[in-house]
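File shown: upload_33.cif (mmCIF, C-alpha atoms).
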data_query
loop_
_atom_site.label_atom_id
_atom_site.label_comp_id
_atom_site.auth_asym_id
_atom_site.auth_seq_id
_atom_site.Cartn_x
_atom_site.Cartn_y
_atom_site.Cartn_z
CA MET A 1 209.17 64.34 292.02
CA ASP A 2 206.74 62.14 293.92
CA ASP A 3 204.10 59.72 292.57
CA ASP A 4 201.26 62.28 292.94
CA GLU A 5 203.10 64.80 290.74
CA VAL A 6 203.78 62.16 288.09
CA ALA A 7 200.12 61.06 288.15
CA ALA A 8 198.91 64.66 287.84
CA GLY A 9 201.26 65.25 284.90
CA SER A 10 200.16 62.04 283.18
CA ALA A 11 196.47 62.90 283.56
CA LEU A 12 197.05 66.41 282.21
CA THR A 13 199.04 65.09 279.26
CA GLY A 14 196.19 62.77 278.31
CA VAL A 15 193.72 65.65 278.27
CA LEU A 16 195.95 68.04 276.32
CA ASN A 17 196.82 65.51 273.65
CA LYS A 18 193.34 64.07 273.28
CA GLY A 19 192.51 63.49 269.68
CA PHE A 20 196.05 63.88 268.34
CA GLU A 21 197.95 60.90 266.96
CA ARG A 22 201.72 61.22 267.00
CA PHE A 23 204.08 60.09 264.29
CA TYR A 24 207.80 60.60 263.85
CA CYS A 25 210.09 61.15 260.90
CA LEU A 26 213.63 60.18 261.84
CA ASP A 27 216.71 61.70 260.20
CA ALA A 28 214.68 64.03 257.97
CA GLY A 29 216.41 64.74 254.67
CA GLY A 30 219.17 62.28 255.56
CA THR A 31 220.48 64.49 258.37
CA GLN A 32 221.26 62.48 261.47
CA ARG A 33 218.95 63.29 264.41
CA ALA A 34 216.92 65.86 262.42
CA ASP A 35 213.83 64.13 263.80
CA ILE A 36 210.40 65.68 263.31
CA CYS A 37 207.22 64.99 265.25
CA VAL A 38 203.97 65.05 263.26
CA ARG A 39 200.76 65.33 265.29
CA ARG A 40 197.63 64.45 263.33
CA HIS A 41 194.29 65.82 264.45
CA PRO A 42 191.07 63.94 263.59
CA ASN A 43 190.19 66.79 261.20
CA GLY A 44 193.25 65.81 259.12
CA LEU A 45 195.53 68.73 259.97
CA LEU A 46 199.16 67.88 260.66
CA VAL A 47 201.20 69.89 263.17
CA LEU A 48 204.98 69.72 262.67
CA SER A 49 207.39 70.24 265.54
CA LEU A 50 210.83 69.10 266.61
CA ALA A 51 210.81 65.55 267.96
CA PRO A 52 212.27 65.07 271.46
CA SER A 53 215.32 63.44 269.83
CA HIS A 54 216.08 66.33 267.43
CA TYR A 55 219.71 67.47 267.57
CA LEU A 56 218.64 71.05 268.36
CA LEU A 57 217.08 69.77 271.60
CA ALA A 58 220.14 67.78 272.66
CA PRO A 59 221.92 68.92 275.83
CA GLY A 60 224.83 71.17 274.97
CA SER A 61 223.59 72.09 271.49
CA ALA A 62 223.94 75.72 270.44
CA ALA A 63 220.97 77.98 271.15
CA VAL A 64 218.72 79.11 268.31
CA ARG A 65 219.35 82.75 267.42
CA GLU A 66 217.06 83.17 264.39
CA VAL A 67 214.29 81.31 262.57
CA LYS A 68 213.57 82.58 259.09
CA TYR A 69 210.93 81.01 256.87
CA ARG A 70 211.74 80.66 253.18
CA SER A 71 209.92 83.32 251.17
CA ALA A 72 208.37 80.67 248.91
CA MET A 73 206.68 79.33 252.05
CA SER A 74 205.80 82.52 253.94
CA GLU A 75 204.21 84.07 250.86
CA ASN A 76 202.10 81.00 250.13
CA GLU A 77 200.21 80.20 253.31
CA ALA A 78 196.62 79.07 252.90
CA PHE A 79 193.77 81.51 253.34
CA GLY A 80 190.02 81.46 253.86
CA LYS A 81 187.65 79.03 255.50
CA ARG A 82 188.69 76.10 253.30
CA ALA A 83 192.44 76.82 253.47
CA LYS A 84 192.82 77.55 249.76
CA GLY A 85 196.06 78.47 248.08
CA GLY A 86 198.65 76.93 250.38
CA ALA A 87 201.98 75.94 248.85
CA ASN A 88 202.48 72.27 248.08
CA VAL A 89 205.41 70.84 250.03
CA GLY A 90 207.32 67.60 249.78
CA PRO A 91 209.65 65.64 252.06
CA LYS A 92 212.69 67.70 251.03
CA THR A 93 210.99 71.10 250.90
CA VAL A 94 212.81 73.53 253.18
CA LEU A 95 210.35 75.38 255.39
CA ALA A 96 212.78 77.42 257.45
CA ASP A 97 216.41 78.30 257.97
CA VAL A 98 217.67 78.27 261.54
CA ARG A 99 220.75 80.23 262.61
CA LEU A 100 222.42 79.12 265.83
CA GLU A 101 224.45 81.10 268.38
CA ASP A 102 227.66 79.38 267.23
CA GLY A 103 227.13 80.85 263.73
CA SER A 104 226.09 77.61 262.04
CA GLU A 105 222.95 77.38 259.94
CA LYS A 106 220.48 74.50 259.76
CA THR A 107 217.33 73.85 257.77
CA ILE A 108 213.97 72.43 258.77
CA LEU A 109 212.23 70.27 256.18
CA ALA A 110 208.53 69.65 255.67
CA THR A 111 209.14 65.84 255.68
CA LEU A 112 205.70 65.16 254.13
CA GLU A 113 203.82 65.58 250.89
CA ALA A 114 201.10 68.02 251.88
CA ARG A 115 199.83 71.57 251.55
CA LEU A 116 200.99 74.38 253.79
CA VAL A 117 198.20 75.82 255.92
CA GLU A 118 200.11 77.98 258.38
CA LEU A 119 203.60 78.83 259.57
CA ASN A 120 204.16 79.67 263.21
CA ASP A 121 204.47 83.47 263.21
CA LEU A 122 205.85 83.42 266.75
CA LEU A 123 209.14 81.73 265.79
CA PRO A 124 210.71 84.65 263.87
CA GLU A 125 209.82 86.95 266.78
CA ASP A 126 211.01 84.57 269.53
CA PRO A 127 213.23 81.81 268.08
CA SER A 128 213.86 80.27 271.51
CA LEU A 129 210.30 78.86 271.42
CA LEU A 130 211.44 76.30 268.83
CA CYS A 131 213.52 74.46 271.42
CA GLN A 132 211.88 75.52 274.67
CA TYR A 133 208.29 74.60 273.77
CA PRO A 134 208.38 72.50 270.58
CA ASP A 135 204.95 70.91 271.11
CA ASP A 136 203.26 74.13 272.14
CA SER A 137 204.04 77.65 270.98
CA GLY A 138 207.23 76.43 269.26
CA PHE A 139 205.55 74.30 266.57
CA ILE A 140 206.95 74.81 263.07
CA ALA A 141 203.98 74.60 260.73
CA ILE A 142 200.50 73.23 260.14
CA LEU A 143 199.98 71.16 257.00
CA GLN A 144 197.10 69.23 255.50
CA PRO A 145 197.06 66.39 252.99
CA ARG A 146 196.62 67.70 249.43
CA ARG A 147 193.50 65.57 249.00
CA PRO A 148 191.44 63.79 251.68
CA GLN A 149 192.23 60.39 250.16
CA ASP A 150 195.97 61.11 250.64
CA ALA A 151 195.72 61.20 254.45
CA ALA A 152 196.80 57.59 255.07
CA ARG A 153 199.53 57.67 252.43
CA VAL A 154 201.06 60.87 253.83
CA ILE A 155 201.87 59.27 257.18
CA ALA A 156 202.50 55.71 255.94
CA ASP A 157 206.31 55.99 256.20
CA LEU A 158 206.33 57.65 259.62
CA LEU A 159 206.95 55.85 262.91
CA CYS A 160 204.28 55.44 265.58
CA PRO A 161 205.27 56.28 269.19
CA GLU A 162 206.22 52.65 269.89
CA GLY A 163 208.48 52.60 266.83
CA PHE A 164 210.01 55.89 267.90
CA VAL A 165 210.85 54.50 271.35
CA LYS A 166 212.48 51.45 269.74
CA ALA A 167 214.49 53.61 267.35
CA ARG A 168 215.45 56.18 270.00
CA PRO A 169 215.48 54.24 273.31
CA GLU A 170 217.34 57.03 275.12
CA GLN A 171 214.22 59.18 274.68
CA ALA A 172 212.14 56.59 276.52
CA MET A 173 214.53 56.75 279.47
CA ALA A 174 214.45 60.56 279.53
CA ALA A 175 210.65 60.54 279.33
CA LYS A 176 210.38 58.46 282.51
CA ASN A 177 212.08 61.29 284.38
CA SER A 178 209.78 64.04 283.11
CA VAL A 179 206.29 64.99 284.20
CA THR A 180 204.78 64.73 280.76
CA GLY A 181 206.79 61.92 279.17
CA LEU A 182 206.90 61.52 275.40
CA LEU A 183 203.57 63.26 274.95
CA PRO A 184 204.10 66.73 276.36
CA GLY A 185 201.27 69.19 276.36
CA PRO A 186 201.57 72.92 276.72
CA VAL A 187 204.23 73.86 279.23
CA TRP A 188 201.97 76.35 281.00
CA ALA A 189 199.57 73.56 281.89
CA ALA A 190 202.23 71.24 283.30
CA SER A 191 203.68 73.98 285.48
CA ALA A 192 200.21 74.92 286.70
CA CYS A 193 199.47 71.48 288.12
CA VAL A 194 202.89 70.46 289.44
CA SER A 195 204.32 72.23 292.43
CA GLU A 196 208.08 72.41 292.72
#

Go ahead and render the structure in this file as structure tokens.
Amino acid sequence: MDDDEVAAGSALTGVLNKGFERFYCLDAGGTQRADICVRRHPNGLLVLSLAPSHYLLAPGSAAVREVKYRSAMSENEAFGKRAKGGANVGPKTVLADVRLEDGSEKTILATLEARLVELNDLLPEDPSLLCQYPDDSGFIAILQPRRPQDAARVIADLLCPEGFVKARPEQAMAAKNSVTGLLPGPVWAASACVSE
């Protein structure tokens, strides 16, 4: 990859992530490397996805065979213009069960005190999206703080990108070798601007 490709990828990443602040929850639920990325939009919505350091994204980890949302979650998504009726979730609330090709089962936690707005309906249909495109079509869920005044408190215990790099320095090294770095945008956009 030459300098022009890296520059094009960096410029694209800045545009695609404009407005989103990134935060990271490390070792969610006490499980080592169950790291979650939380992207906060200026409107207050929080998009949950696997962090680049999550054990499911590690080289050599078993492929995801199935993603199944817990019925308490899938039956209680928000509805209407003001997102009424979403289930309240907490840091240890299980959003989904993940079955891997090796037969093992894992869980994905909400990691935050918030209200469920939406679950990603694409994941049960195509579970590979969870690991292939975690920041794009493989996001887990969209949450919002229960009350507007809770917004700062909800993310207070999460790491900023600089803290994430300090806690997971191997991710910083891997990011230097990628087009989009630690702030990947949609995969379709990166492949559209970088020739191979």

### Hits of the PyMOL selection byres ((chain A and resi 134) around 12) in this structure, as JSON, numbers by chain
{"A": [36, 37, 38, 39, 47, 48, 49, 50, 51, 52, 53, 54, 56, 57, 120, 122, 123, 127, 128, 129, 130, 131, 132, 133, 135, 136, 137, 138, 139, 140, 141, 183, 184, 185, 186, 187]}

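Remark: for Tyr55 in chain A, the closest of the candidate residues A:Asp126, A:Glu101, A:Glu77, A:Asp27 is A:Asp27 (distances computed over all atoms listed in the file).
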
### Task
Could you please determine the separation between CA of Ser71 in chain A and CA of Glu118 in chain A in Å, to one decimal place?
13.3 Å

### Task
Run through the PyMOL selection byres ((chain A and resi 67) around 8) on the given coordinates and return the selected residues as JSON, numbers by chain.
{"A": [64, 65, 66, 68, 69, 96, 97, 98, 99, 123, 124, 127]}

Tell me, counting only C-alpha atoms, for each residue of range 49-163 of chain A within 7 Å of range 22-25 of chain A, which pair of atoms is nearest and how far apart they are in Å to one decimal, in rows ordered by chain and increasing number, as CSV.
residue,atom,partner,partner_atom,distance
A:Leu158,CA,A:Cys25,CA,5.3
A:Leu159,CA,A:Tyr24,CA,4.9
A:Cys160,CA,A:Phe23,CA,4.8
A:Pro161,CA,A:Phe23,CA,6.3

### Query
Which one is closest to Leu116 in chain A: A:Asp150, A:Asp102, A:Glu75, A:Glu170? Count only C-alpha atoms.
A:Glu75

#### Entry: Gap from CA of Ala110 in chain A to CA of Val94 in chain A - Å, one decimal
6.3 Å

## Note on the structure
Of A:Leu100, A:His41, A:Val117, A:Arg168, the one nearest to Gly19 in chain A when counting all atoms listed in the file is A:His41

### Query
Val154 in chain A: which residues within 12 Å, counting all atoms listed in the file, same-chain residues fewer than 5 positions away excluded, as an MDAnalysis selection string?
chainID A and resid 23 25 38 40 44:46 89:91 110:115 143:149 159

### Distance in Å - CA of Leu109 in chain A versus CA of Ala156 in chain A
17.5 Å

### Message
My list of candidates is A:Lys106, A:Leu26, A:Leu119, A:Phe20. Which is closest to Val165 in chain A when distances are computed with only C-alpha atoms?
### Response
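Of A:Lys106, A:Leu26, A:Leu119, A:Phe20, the one nearest Val165 in chain A, counting only C-alpha atoms, is A:Leu26.
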
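Among the candidate residues A:Ser61, A:Gln32, A:Asn43, A:Glu21, the one lying nearest to Ser104 in chain A is A:Ser61, with distances computed using all atoms listed in the file.
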